[in-house]
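Just start.tsv here, TSV, C-alpha atoms:
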chain	number	residue	atom	x	y	z
Q	1	MET	CA	116.46	100.74	106.98
Q	2	ALA	CA	113.33	102.47	105.74
Q	3	LEU	CA	115.36	105.00	103.75
Q	4	PRO	CA	115.33	104.81	99.95
Q	5	PRO	CA	118.58	103.37	98.52
Q	6	GLU	CA	120.12	106.73	97.64
Q	7	LYS	CA	119.49	108.16	101.12
Q	8	LEU	CA	120.84	105.02	102.75
Q	9	ALA	CA	124.00	105.31	100.62
Q	10	GLU	CA	124.42	108.94	101.73
Q	11	LYS	CA	124.03	107.93	105.39
Q	12	LYS	CA	126.58	105.14	104.99
Q	13	ALA	CA	129.11	107.46	103.33
Q	14	ALA	CA	128.70	110.03	106.10
Q	15	SER	CA	129.37	107.38	108.75
Q	16	LEU	CA	132.71	106.19	107.39
Q	17	GLU	CA	134.81	108.95	108.97
Q	18	ASP	CA	133.54	107.95	112.43
Q	19	ILE	CA	134.16	104.27	111.66
Q	20	ARG	CA	137.76	104.97	110.66
Q	21	GLN	CA	138.38	106.87	113.91
Q	22	HIS	CA	137.26	104.04	116.15
Q	23	TRP	CA	137.76	100.82	114.17
Q	24	ARG	CA	140.91	99.31	112.67
Q	25	ALA	CA	142.21	96.03	111.28
Q	26	ASP	CA	145.12	94.56	113.23
Q	27	ASN	CA	146.74	91.26	112.18
Q	28	GLY	CA	143.51	89.60	111.16
Q	29	GLU	CA	141.47	91.15	113.96
Q	30	LEU	CA	138.86	93.90	113.94
Q	31	VAL	CA	139.57	96.26	116.84
Q	32	ASN	CA	137.25	98.89	118.28
Q	33	ASP	CA	138.23	101.37	121.00
Q	34	GLY	CA	134.80	101.19	122.66
Q	35	LYS	CA	133.48	104.34	121.05
Q	36	GLY	CA	131.72	105.46	117.90
Q	37	LEU	CA	129.25	103.88	115.56
Q	38	TYR	CA	128.54	100.17	115.31
Q	39	LEU	CA	130.29	98.32	112.50
Q	40	THR	CA	127.50	97.34	110.13
Q	41	SER	CA	127.49	94.85	107.28
Q	42	ASP	CA	126.80	96.32	103.86
Q	43	LYS	CA	124.73	93.27	103.03
Q	44	PHE	CA	121.31	92.62	104.53
Q	45	TYR	CA	120.65	89.04	105.61
Q	46	GLY	CA	117.48	87.01	106.05
Q	47	ASP	CA	118.04	83.54	107.51
Q	48	PHE	CA	121.69	82.90	108.32
Q	49	GLU	CA	124.34	81.20	110.42
Q	50	LEU	CA	126.98	83.46	111.99
Q	51	LEU	CA	130.36	82.49	113.45
Q	52	VAL	CA	132.55	85.03	115.27
Q	53	SER	CA	135.11	85.18	118.08
Q	54	TYR	CA	135.70	88.10	120.42
Q	55	LYS	CA	138.05	89.18	123.18
Q	56	MET	CA	137.40	92.02	125.61
Q	57	ILE	CA	139.09	94.02	128.34
Q	58	PRO	CA	137.79	94.05	131.95
Q	59	SER	CA	134.49	95.91	132.52
Q	60	ALA	CA	133.75	96.18	128.79
Q	61	ASP	CA	130.50	94.98	127.29
Q	62	SER	CA	129.20	94.71	123.77
Q	63	GLY	CA	126.70	92.86	121.64
Q	64	ILE	CA	125.76	91.57	118.22
Q	65	TYR	CA	122.73	93.04	116.47
Q	66	LEU	CA	120.79	90.61	114.27
Q	67	ARG	CA	119.11	92.23	111.26
Q	68	GLY	CA	119.73	95.53	113.02
Q	69	ILE	CA	117.84	94.41	116.16
Q	70	PRO	CA	119.44	94.24	119.63
Q	71	GLN	CA	120.98	91.89	120.61
Q	72	VAL	CA	123.09	88.90	121.51
Q	73	SER	CA	124.64	90.23	124.72
Q	74	ILE	CA	128.36	90.22	125.50
Q	75	TRP	CA	129.41	90.97	129.09
Q	76	ASP	CA	132.32	91.05	131.44
Q	77	ALA	CA	130.38	88.46	133.40
Q	78	ARG	CA	132.49	88.99	136.51
Q	79	ASP	CA	131.97	92.77	136.72
Q	80	GLU	CA	129.82	93.11	139.85
Q	81	LYS	CA	128.74	96.64	138.89
Q	82	LYS	CA	126.77	95.10	136.00
Q	83	PHE	CA	125.20	92.23	137.89
Q	84	LYS	CA	122.05	94.34	138.29
Q	85	HIS	CA	121.76	94.24	134.47
Q	86	GLY	CA	122.19	90.47	134.32
Q	87	ALA	CA	125.90	90.24	133.57
Q	88	ASP	CA	126.35	87.54	136.22
Q	89	LYS	CA	124.21	85.19	134.13
Q	90	GLY	CA	126.77	85.28	131.35
Q	91	SER	CA	126.89	86.27	127.71
Q	92	GLY	CA	124.91	85.09	124.71
Q	93	GLY	CA	121.37	85.90	125.84
Q	94	LEU	CA	118.87	88.06	123.94
Q	95	TRP	CA	119.15	90.83	126.49
Q	96	ASN	CA	116.63	93.23	124.96
Q	97	ASN	CA	113.81	90.69	124.99
Q	98	PRO	CA	110.97	91.44	127.42
Q	99	PRO	CA	111.54	90.20	131.00
Q	100	GLY	CA	110.64	86.58	131.48
Q	101	THR	CA	110.61	85.64	127.80
Q	102	PRO	CA	112.66	82.68	126.54
Q	103	GLY	CA	116.16	83.63	125.46
Q	104	LYS	CA	116.51	86.79	127.52
Q	105	ASP	CA	118.87	85.04	129.95
Q	106	PRO	CA	121.36	82.40	128.77
Q	107	LEU	CA	120.52	78.81	129.63
Q	108	VAL	CA	124.00	78.19	131.05
Q	109	PHE	CA	127.05	80.26	132.01
Q	110	ALA	CA	129.59	79.70	129.24
Q	111	ASP	CA	131.98	82.71	129.32
Q	112	ASN	CA	135.73	82.26	129.28
Q	113	PRO	CA	137.87	84.41	131.61
Q	114	ILE	CA	138.41	87.99	130.44
Q	115	GLY	CA	141.43	88.20	128.15
Q	116	GLU	CA	140.70	84.87	126.48
Q	117	TRP	CA	138.86	84.48	123.20
Q	118	ASP	CA	135.18	83.51	123.25
Q	119	SER	CA	133.47	81.95	120.22
Q	120	VAL	CA	129.85	82.56	119.22
Q	121	ARG	CA	127.62	80.66	116.82
Q	122	VAL	CA	124.20	82.05	115.90
Q	123	ILE	CA	121.48	80.46	113.78
Q	124	MET	CA	118.61	82.78	112.86
Q	125	THR	CA	115.47	81.66	111.00
Q	126	GLY	CA	112.70	84.25	110.91
Q	127	GLU	CA	112.54	85.66	114.43
Q	128	ARG	CA	113.88	82.41	115.90
Q	129	VAL	CA	117.42	82.53	117.28
Q	130	SER	CA	119.73	79.85	118.69
Q	131	VAL	CA	123.08	80.83	120.21
Q	132	TRP	CA	126.06	78.73	121.22
Q	133	LEU	CA	128.83	80.28	123.33
Q	134	ASN	CA	132.09	78.35	123.45
Q	135	GLY	CA	130.21	75.31	122.19
Q	136	LYS	CA	127.44	75.45	124.82
Q	137	LEU	CA	123.82	76.12	123.87
Q	138	VAL	CA	122.77	79.32	125.65
Q	139	VAL	CA	119.67	80.27	123.61
Q	140	ASP	CA	117.45	77.55	122.16
Q	141	HIS	CA	115.33	78.66	119.20
Q	142	ALA	CA	113.90	81.63	121.11
Q	143	ARG	CA	111.96	84.43	119.49
Q	144	LEU	CA	113.89	87.69	119.21
Q	145	TYR	CA	111.41	90.51	119.85
Q	146	ASN	CA	111.38	93.75	117.90
Q	147	TYR	CA	112.98	96.17	120.36
Q	148	TYR	CA	111.91	99.20	118.33
Q	149	GLU	CA	108.22	98.29	118.55
Q	150	LYS	CA	107.98	97.72	122.30
Q	151	LYS	CA	106.27	101.03	123.10
Q	152	LYS	CA	103.43	100.45	120.66
Q	153	PRO	CA	100.17	98.72	121.58
Q	154	GLU	CA	100.59	94.98	121.19
Q	155	ALA	CA	98.23	94.72	118.22
Q	156	GLU	CA	100.30	97.31	116.30
Q	157	ARG	CA	103.78	95.87	116.89
Q	158	LEU	CA	105.58	94.71	113.79
Q	159	PRO	CA	107.58	91.49	113.59
Q	160	LEU	CA	111.31	91.72	112.98
Q	161	PRO	CA	112.42	92.96	109.57
Q	162	LYS	CA	112.58	90.18	106.99
Q	163	VAL	CA	116.15	91.18	106.17
Q	164	GLY	CA	118.70	93.44	107.84
Q	165	PRO	CA	122.38	93.97	108.65
Q	166	ILE	CA	124.62	92.30	111.18
Q	167	GLN	CA	126.17	94.86	113.55
Q	168	LEU	CA	129.02	94.73	116.05
Q	169	GLN	CA	128.26	97.00	118.98
Q	170	THR	CA	130.57	99.57	120.60
Q	171	HIS	CA	129.94	100.03	124.29
Q	172	GLY	CA	132.72	101.70	126.25
Q	173	GLY	CA	135.64	99.27	126.20
Q	174	GLU	CA	138.04	97.82	123.65
Q	175	MET	CA	136.73	94.80	121.78
Q	176	ARG	CA	138.58	92.54	119.37
Q	177	TRP	CA	136.82	90.37	116.81
Q	178	ARG	CA	138.13	87.67	114.48
Q	179	ASN	CA	137.09	84.63	112.44
Q	180	LEU	CA	133.89	86.26	111.27
Q	181	PHE	CA	131.85	84.08	108.89
Q	182	VAL	CA	128.27	84.25	107.63
Q	183	ARG	CA	126.40	81.50	105.77
Q	184	GLU	CA	122.99	82.24	104.30
Q	185	ILE	CA	120.34	79.59	104.98
Q	186	GLU	CA	118.13	78.60	102.07
Q	187	PRO	CA	114.36	78.11	102.50
Q	188	ASP	CA	114.34	74.30	102.51
Q	189	GLU	CA	116.94	74.21	105.30
Q	190	ALA	CA	115.13	76.95	107.22
Q	191	ASN	CA	111.89	74.95	107.04
Q	192	LYS	CA	113.62	71.87	108.45
Q	193	ILE	CA	115.08	73.93	111.31
Q	194	LEU	CA	111.69	75.45	112.14
Q	195	ALA	CA	109.91	72.09	111.92
Q	196	SER	CA	112.43	70.30	114.12
Q	197	HIS	CA	112.08	72.52	117.19
Q	198	ASN	CA	109.36	72.15	119.81
Q	199	ASP	CA	107.87	69.35	117.73
Q	200	LYS	CA	106.80	67.03	120.55
Q	201	GLY	CA	103.17	66.00	120.21
Q	202	PHE	CA	102.75	66.85	116.52
Q	203	LYS	CA	101.25	63.98	114.50
Q	204	SER	CA	100.86	63.72	110.74
Q	205	VAL	CA	97.32	63.96	109.34
Q	206	PHE	CA	98.42	63.34	105.72
Q	207	ASN	CA	100.25	60.22	104.55
Q	208	GLY	CA	101.81	61.85	101.50
Q	209	LYS	CA	100.27	59.27	99.15
Q	210	ASP	CA	96.50	59.75	99.04
Q	211	LEU	CA	93.61	61.44	100.83
Q	212	THR	CA	92.93	58.66	103.29
Q	213	GLY	CA	91.58	60.31	106.45
Q	214	TRP	CA	90.15	63.27	104.54
Q	215	SER	CA	86.60	64.02	103.38
Q	216	GLY	CA	84.71	66.70	101.47
Q	217	ALA	CA	85.42	67.83	97.91
Q	218	ILE	CA	88.26	65.34	97.50
Q	219	GLU	CA	87.52	64.97	93.77
Q	220	ASN	CA	88.78	68.54	93.34
Q	221	TYR	CA	92.17	67.80	94.87
Q	222	MET	CA	95.04	65.47	93.97
Q	223	VAL	CA	98.19	64.19	95.64
Q	224	GLU	CA	101.43	64.69	93.74
Q	225	GLU	CA	105.02	64.66	94.96
Q	226	GLU	CA	103.79	64.07	98.53
Q	227	ALA	CA	101.69	67.24	98.48
Q	228	ILE	CA	97.94	67.92	98.47
Q	229	THR	CA	97.20	70.10	95.45
Q	230	CYS	CA	93.99	71.86	94.56
Q	231	LYS	CA	93.21	71.09	90.92
Q	232	PRO	CA	93.26	74.13	88.60
Q	233	SER	CA	89.83	75.75	88.24
Q	234	LYS	CA	88.53	73.57	91.06
Q	235	GLY	CA	87.90	74.22	94.74
Q	236	GLY	CA	85.72	73.52	97.69
Q	237	THR	CA	86.63	72.35	101.17
Q	238	ILE	CA	88.45	69.15	102.06
Q	239	PHE	CA	88.87	68.34	105.73
Q	240	THR	CA	90.27	65.83	108.17
Q	241	ASP	CA	87.97	63.10	109.43
Q	242	GLU	CA	89.19	63.89	112.93
Q	243	GLN	CA	87.95	66.95	114.79
Q	244	PHE	CA	89.98	69.33	116.93
Q	245	ALA	CA	89.18	71.89	119.63
Q	246	ASP	CA	92.41	73.57	120.75
Q	247	PHE	CA	95.34	72.66	118.52
Q	248	ALA	CA	98.38	73.76	116.56
Q	249	VAL	CA	98.94	72.83	112.94
Q	250	ARG	CA	102.29	72.88	111.15
Q	251	LEU	CA	102.55	72.61	107.39
Q	252	GLU	CA	104.44	73.74	104.34
Q	253	PHE	CA	102.67	75.40	101.43
Q	254	GLN	CA	103.59	76.57	97.96
Q	255	LEU	CA	101.67	79.25	96.06
Q	256	PRO	CA	101.31	79.78	92.31
Q	257	PRO	CA	101.29	83.39	91.09
Q	258	GLY	CA	98.25	85.07	92.64
Q	259	GLY	CA	97.28	81.80	94.32
Q	260	ASN	CA	94.32	81.74	96.72
Q	261	ASN	CA	93.29	79.12	99.30
Q	262	GLY	CA	92.56	79.07	103.01
Q	263	LEU	CA	92.88	77.04	106.19
Q	264	ALA	CA	89.46	76.00	107.49
Q	265	ILE	CA	89.68	76.15	111.29
Q	266	ARG	CA	87.08	74.09	113.21
Q	267	TYR	CA	85.01	73.41	110.11
Q	268	PRO	CA	81.68	71.75	111.11
Q	269	GLY	CA	81.82	69.28	108.21
Q	270	GLU	CA	79.10	70.87	106.12
Q	271	GLY	CA	78.28	74.25	104.70
Q	272	HIS	CA	80.68	76.93	103.52
Q	273	GLY	CA	84.28	76.41	104.64
Q	274	THR	CA	84.94	80.12	105.10
Q	275	TRP	CA	81.75	81.31	106.80
Q	276	GLY	CA	80.72	78.15	108.65
Q	277	SER	CA	84.10	77.56	110.33
Q	278	PHE	CA	85.37	79.26	113.46
Q	279	CYS	CA	87.54	81.13	110.97
Q	280	GLU	CA	89.42	80.84	107.73
Q	281	LEU	CA	93.09	81.72	107.85
Q	282	GLN	CA	93.78	83.14	104.43
Q	283	VAL	CA	96.39	81.53	102.16
Q	284	LEU	CA	97.18	84.04	99.44
Q	285	ASP	CA	99.95	85.40	97.23
Q	286	ASP	CA	99.00	88.84	98.53
Q	287	GLY	CA	101.91	90.60	96.83
Q	288	HIS	CA	100.69	89.77	93.33
Q	289	PRO	CA	99.97	92.82	91.13
Q	290	LYS	CA	96.34	91.82	90.59
Q	291	TYR	CA	95.72	92.50	94.28
Q	292	ASN	CA	97.78	95.68	94.48
Q	293	ASP	CA	98.17	97.46	91.13
Q	294	PRO	CA	95.14	99.30	89.70
Q	295	LYS	CA	96.76	99.01	86.26
Q	296	ALA	CA	96.91	95.22	86.44
Q	297	PRO	CA	94.40	93.15	84.46
Q	298	LYS	CA	91.55	91.88	86.64
Q	299	TYR	CA	92.69	94.19	89.44
Q	300	TYR	CA	91.22	93.42	92.86
Q	301	ASN	CA	91.71	96.01	95.59
Q	302	LEU	CA	92.85	93.72	98.42
Q	303	ASN	CA	91.53	94.57	101.86
Q	304	PRO	CA	94.13	94.11	104.65
Q	305	ARG	CA	91.76	91.58	106.27
Q	306	GLN	CA	92.14	89.44	103.15
Q	307	ALA	CA	95.94	89.28	103.20
Q	308	HIS	CA	97.80	86.05	103.86
Q	309	ALA	CA	97.21	84.54	107.34
Q	310	SER	CA	94.48	87.04	108.18
Q	311	VAL	CA	91.39	85.83	109.99
Q	312	TYR	CA	89.50	86.24	106.75
Q	313	GLY	CA	87.35	89.34	106.59
Q	314	ARG	CA	87.90	90.15	110.25
Q	315	ILE	CA	91.47	90.60	111.47
Q	316	PRO	CA	94.51	91.52	109.32
Q	317	ALA	CA	97.88	89.81	109.61
Q	318	HIS	CA	101.21	91.54	109.02
Q	319	ARG	CA	102.24	91.39	105.37
Q	320	GLY	CA	105.56	90.93	103.62
Q	321	TYR	CA	106.77	87.64	105.14
Q	322	LEU	CA	105.87	85.21	102.36
Q	323	ARG	CA	108.69	83.73	100.35
Q	324	PRO	CA	108.79	84.28	96.58
Q	325	VAL	CA	106.24	82.34	94.54
Q	326	GLY	CA	107.42	78.80	93.89
Q	327	GLN	CA	109.29	78.43	97.18
Q	328	TRP	CA	107.89	76.42	100.06
Q	329	ASN	CA	106.75	78.36	103.13
Q	330	PHE	CA	106.57	76.96	106.67
Q	331	GLN	CA	103.62	77.97	108.83
Q	332	GLU	CA	102.46	77.14	112.34
Q	333	SER	CA	98.94	78.19	113.35
Q	334	THR	CA	97.84	77.84	116.97
Q	335	ILE	CA	94.19	78.01	118.02
Q	336	VAL	CA	93.27	78.01	121.72
Q	337	GLY	CA	89.76	79.00	122.66
Q	338	SER	CA	89.10	82.21	120.75
Q	339	THR	CA	92.79	83.08	120.34
Q	340	VAL	CA	94.71	82.66	117.08
Q	341	LYS	CA	98.45	82.89	116.51
Q	342	VAL	CA	100.21	82.46	113.16
Q	343	GLU	CA	103.97	82.10	112.74
Q	344	LEU	CA	105.05	82.25	109.08
Q	345	ASN	CA	108.61	81.27	108.18
Q	346	GLY	CA	109.56	81.94	111.80
Q	347	PHE	CA	107.85	85.37	112.05
Q	348	VAL	CA	104.80	85.90	114.28
Q	349	ILE	CA	102.50	87.76	111.88
Q	350	LEU	CA	99.19	87.38	113.72
Q	351	GLU	CA	98.38	87.10	117.41
Q	352	THR	CA	94.82	87.95	118.36
Q	353	ASP	CA	91.75	87.08	120.38
Q	354	VAL	CA	88.95	86.90	117.84
Q	355	ALA	CA	86.27	87.29	120.52
Q	356	LYS	CA	87.69	90.64	121.63
Q	357	VAL	CA	87.74	92.30	118.21
Q	358	ASP	CA	84.93	94.78	117.59
Q	359	PRO	CA	82.58	93.33	114.92
Q	360	ALA	CA	82.14	96.86	113.60
Q	361	THR	CA	85.65	96.50	112.14
Q	362	PHE	CA	84.78	93.37	110.10
Q	363	MET	CA	84.50	93.56	106.33
Q	364	TYR	CA	80.98	92.16	106.51
Q	365	PRO	CA	78.13	92.20	109.05
Q	366	VAL	CA	78.75	89.83	111.95
Q	367	ASP	CA	75.95	87.47	110.88
Q	368	HIS	CA	78.05	86.77	107.77
Q	369	PHE	CA	80.19	84.56	110.06
Q	370	PRO	CA	77.71	82.06	111.56
Q	371	GLY	CA	80.50	79.67	112.59
Q	372	ARG	CA	82.44	82.24	114.60
Q	373	ASN	CA	81.60	80.55	117.92
Q	374	VAL	CA	82.41	76.96	116.86
Q	375	MET	CA	84.84	75.56	119.43
Q	376	LYS	CA	85.47	72.14	117.89
Q	377	GLY	CA	85.58	70.99	114.30
Q	378	HIS	CA	87.62	69.65	111.42
Q	379	PHE	CA	90.80	71.10	109.93
Q	380	GLY	CA	90.80	71.62	106.19
Q	381	PHE	CA	91.61	73.60	103.06
Q	382	ASN	CA	89.25	75.96	101.25
Q	383	GLY	CA	90.22	75.82	97.59
Q	384	HIS	CA	89.56	78.75	95.28
Q	385	ASN	CA	90.45	77.44	91.80
Q	386	ASP	CA	94.24	77.80	92.12
Q	387	PRO	CA	96.81	74.95	92.32
Q	388	CYS	CA	98.06	75.75	95.82
Q	389	ARG	CA	100.04	72.90	97.39
Q	390	PHE	CA	100.35	71.65	100.99
Q	391	ARG	CA	102.67	69.06	102.51
Q	392	ASP	CA	104.07	67.80	105.83
Q	393	ILE	CA	100.78	68.56	107.60
Q	394	ARG	CA	101.03	67.81	111.32
Q	395	ILE	CA	98.66	68.66	114.16
Q	396	LYS	CA	99.16	68.80	117.92
Q	397	LYS	CA	96.03	68.59	120.07
Q	398	PHE	CA	95.83	70.49	123.35
Q	399	ASP	CA	92.53	68.99	124.51

Would you kindly transcribe this structure into structure tokens?
Amino acid sequence: MALPPEKLAEKKAASLEDIRQHWRADNGELVNDGKGLYLTSDKFYGDFELLVSYKMIPSADSGIYLRGIPQVSIWDARDEKKFKHGADKGSGGLWNNPPGTPGKDPLVFADNPIGEWDSVRVIMTGERVSVWLNGKLVVDHARLYNYYEKKKPEAERLPLPKVGPIQLQTHGGEMRWRNLFVREIEPDEANKILASHNDKGFKSVFNGKDLTGWSGAIENYMVEEEAITCKPSKGGTIFTDEQFADFAVRLEFQLPPGGNNGLAIRYPGEGHGTWGSFCELQVLDDGHPKYNDPKAPKYYNLNPRQAHASVYGRIPAHRGYLRPVGQWNFQESTIVGSTVKVELNGFVILETDVAKVDPATFMYPVDHFPGRNVMKGHFGFNGHNDPCRFRDIRIKKFD
């Protein structure tokens, strides 16, 4: 997937002879003899819903790769030789997830007897996957881990690719597939899916009409179309009247081209929203040319620790998971003690313990961050002159 387009086209062309040897169409069914390369969609998908049915012979097993990542497992769930691998728990789980993580084993046994057709439904938003087998929920909005990153140190592991192919696995026994459908999920629907799961305990801190319950530089912000918007060429910090220690915040945000703002985490209520808070989680259109292209007017050479969702000036987040400018993004940020986790559009792009990061790696001397040890404070937005917008702001307290 990292190949340039021309090299990827060459690789695809070279694979077709193998595909023709081991795959065929037979009366509306795709049939594989259990050997050869995986059948791979030409198109790369982001968020999607997949429907497919399969039928297998005894002792076969297979799987469905999502964005090229293994896999939704398919077993002969009565083959005792494979019980040691988890086949007895049934099909539909995310088998390549780390042991003990949600989704690795199916929630219920839902397989039909071998020789009958089984139907699978998959909904994938970001790294979040739900699977139904024969109408029964077997994976509930679990994170699919990046199998190809598992040998790297945790801090270096990449999230899943933002887009990728759907693949049907070959694994030693004949498999038949039919009724294969894919529906792409648009951002607004994806945001609703992400917001609706694991939402117990989240309470709104913004009424969608005015800034009741907020303080600070409220004259520099306005409420329009049920969103808090920083006025153009204005800024400063606005913050909730309520304070929070350990909490998670869910919200949607929309960036203008090159837009810059930030989430003030445990802001003390006075002083600078970036430096005086426990941290600022950057909100930034970090793909804009002015941050990346030396030929761009007003070019600013963006430091990785200034990219979107980074603990500003200290710890970089993974880049490339923002939606295009003008679309609404969904983000959940979780702060417990000195740990920070950010999930953007369903992708975990930052997971760190701020207290364990060497201050020598910061952009600025450590005394530039006087609020770094604040353990309780307000939640807010640090405006930087751009009309960034925020809506559906909900917070769950853990304390």

### Message
Excluding region 211-213 of chain Q and its own-chain neighbours fewer than 3 positions away, which residues fall within 8 Å of it when counting only C-alpha atoms? Please give them as a PyMOL selection string.
### Response
chain Q and resi 205-207+218+223+240-242

### Message
Which residues are near Lys341 (chain Q)? Cut-off 8 Å, all atoms listed in the file, ignore same chain within fewer than 3 positions. Put them as a list in words.
### Response
Ser333, Thr334, Ile335, Val348, Ile349, Leu350, Glu351 and Thr352 of chain Q

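When all atoms listed in the file are used to measure the gap to Ala245 (chain Q), the shortest distance among Q:Ile193, Q:Ile393, Q:Val336, Q:Ala227 belongs to Q:Val336.
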
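Straight-line separation from CA of Ser62 (chain Q) to CA of Gly115 (chain Q): 14.5 Å.
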
### Nearest residue to Glu127 (chain Q) from the set Q:Pro187, Q:Pro316, Q:Gly346, Q:Gly383 (distances using all atoms listed in the file)
Q:Gly346

### Task
Write out as a PyMOL selection string the residues lying within 10 Å of Lys104 (chain Q), counting all atoms listed in the file and excluding same-chain residues fewer than 3 positions away.
chain Q and resi 71-73+86+92-101+107+138-139+142-145

Exercise: Asp76 (chain Q) partners within 12 Å, all atoms listed in the file, chain neighbours under 3 positions left out, as a PDB file with C-alpha atoms, keeping the file's coordinate frame:
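Below is the file around_32.pdb, written as the result:
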ATOM      1  CA  TYR Q  54     135.700  88.100 120.420  1.00  0.00           C
ATOM      2  CA  LYS Q  55     138.050  89.180 123.180  1.00  0.00           C
ATOM      3  CA  MET Q  56     137.400  92.020 125.610  1.00  0.00           C
ATOM      4  CA  ILE Q  57     139.090  94.020 128.340  1.00  0.00           C
ATOM      5  CA  PRO Q  58     137.790  94.050 131.950  1.00  0.00           C
ATOM      6  CA  SER Q  59     134.490  95.910 132.520  1.00  0.00           C
ATOM      7  CA  ALA Q  60     133.750  96.180 128.790  1.00  0.00           C
ATOM      8  CA  ASP Q  61     130.500  94.980 127.290  1.00  0.00           C
ATOM      9  CA  SER Q  62     129.200  94.710 123.770  1.00  0.00           C
ATOM     10  CA  GLY Q  63     126.700  92.860 121.640  1.00  0.00           C
ATOM     11  CA  SER Q  73     124.640  90.230 124.720  1.00  0.00           C
ATOM     12  CA  ASP Q  79     131.970  92.770 136.720  1.00  0.00           C
ATOM     13  CA  GLU Q  80     129.820  93.110 139.850  1.00  0.00           C
ATOM     14  CA  LYS Q  81     128.740  96.640 138.890  1.00  0.00           C
ATOM     15  CA  LYS Q  82     126.770  95.100 136.000  1.00  0.00           C
ATOM     16  CA  PHE Q  83     125.200  92.230 137.890  1.00  0.00           C
ATOM     17  CA  HIS Q  85     121.760  94.240 134.470  1.00  0.00           C
ATOM     18  CA  GLY Q  86     122.190  90.470 134.320  1.00  0.00           C
ATOM     19  CA  ALA Q  87     125.900  90.240 133.570  1.00  0.00           C
ATOM     20  CA  ASP Q  88     126.350  87.540 136.220  1.00  0.00           C
ATOM     21  CA  LYS Q  89     124.210  85.190 134.130  1.00  0.00           C
ATOM     22  CA  GLY Q  90     126.770  85.280 131.350  1.00  0.00           C
ATOM     23  CA  SER Q  91     126.890  86.270 127.710  1.00  0.00           C
ATOM     24  CA  GLY Q  92     124.910  85.090 124.710  1.00  0.00           C
ATOM     25  CA  ALA Q 110     129.590  79.700 129.240  1.00  0.00           C
ATOM     26  CA  ASP Q 111     131.980  82.710 129.320  1.00  0.00           C
ATOM     27  CA  ASN Q 112     135.730  82.260 129.280  1.00  0.00           C
ATOM     28  CA  PRO Q 113     137.870  84.410 131.610  1.00  0.00           C
ATOM     29  CA  ILE Q 114     138.410  87.990 130.440  1.00  0.00           C
ATOM     30  CA  GLY Q 115     141.430  88.200 128.150  1.00  0.00           C
ATOM     31  CA  GLU Q 116     140.700  84.870 126.480  1.00  0.00           C
ATOM     32  CA  ASP Q 118     135.180  83.510 123.250  1.00  0.00           C
ATOM     33  CA  HIS Q 171     129.940 100.030 124.290  1.00  0.00           C
ATOM     34  CA  GLY Q 172     132.720 101.700 126.250  1.00  0.00           C
ATOM     35  CA  GLY Q 173     135.640  99.270 126.200  1.00  0.00           C
ATOM     36  CA  GLU Q 174     138.040  97.820 123.650  1.00  0.00           C
ATOM     37  CA  MET Q 175     136.730  94.800 121.780  1.00  0.00           C
TER      38      MET Q 175
END

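Reported to one decimal place, the separation of CA of Val354 (chain Q) from CA of Thr339 (chain Q) is 6.0 Å.
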
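One finds CA of Arg24 (chain Q) at 12.1 Å from CA of Arg178 (chain Q).
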
### Task
List every protein, DNA or RNA residue that has at least one atom no more than 6 Å from (102.7, 64.8, 100.7) in the file's coordinates, counting only C-alpha atoms, and write the result as a PyMOL selection string.
chain Q and resi 208+226-227+391

### Query
Could you name the residues that touch region 356-366 of chain Q at 12 Å or less, counting all atoms listed in the file, but leaving out those on the same chain fewer than 2 positions away, as JSON, numbers by chain?
{"Q": [155, 275, 302, 303, 304, 305, 306, 310, 311, 312, 313, 314, 315, 316, 337, 338, 339, 340, 351, 352, 353, 354, 368, 369, 370, 371, 372, 373]}

Is there a way to complete region 79-86 of chain Q with N, CA and C atoms and then write that out as a short mmCIF file (atom, residue, chain, number, x, y, z; two decimals), keeping the file's coordinate frame?
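Output (part-v1.cif):
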data_model
loop_
_atom_site.label_atom_id
_atom_site.label_comp_id
_atom_site.auth_asym_id
_atom_site.auth_seq_id
_atom_site.Cartn_x
_atom_site.Cartn_y
_atom_site.Cartn_z
N ASP Q 79 132.00 91.37 136.31
CA ASP Q 79 131.97 92.77 136.72
C ASP Q 79 130.74 92.99 137.61
N GLU Q 80 130.94 93.05 138.92
CA GLU Q 80 129.82 93.11 139.85
C GLU Q 80 128.95 94.35 139.66
N LYS Q 81 129.52 95.42 139.11
CA LYS Q 81 128.74 96.64 138.89
C LYS Q 81 127.62 96.39 137.88
N LYS Q 82 127.77 95.37 137.04
CA LYS Q 82 126.77 95.10 136.00
C LYS Q 82 125.89 93.90 136.32
N PHE Q 83 126.04 93.36 137.52
CA PHE Q 83 125.20 92.23 137.89
C PHE Q 83 123.73 92.63 137.89
N LYS Q 84 123.43 93.88 138.25
CA LYS Q 84 122.05 94.34 138.29
C LYS Q 84 121.41 94.31 136.89
N HIS Q 85 122.26 94.31 135.85
CA HIS Q 85 121.76 94.24 134.47
C HIS Q 85 121.73 92.81 133.95
N GLY Q 86 122.22 91.87 134.74
CA GLY Q 86 122.19 90.47 134.32
C GLY Q 86 123.52 89.92 133.87
#
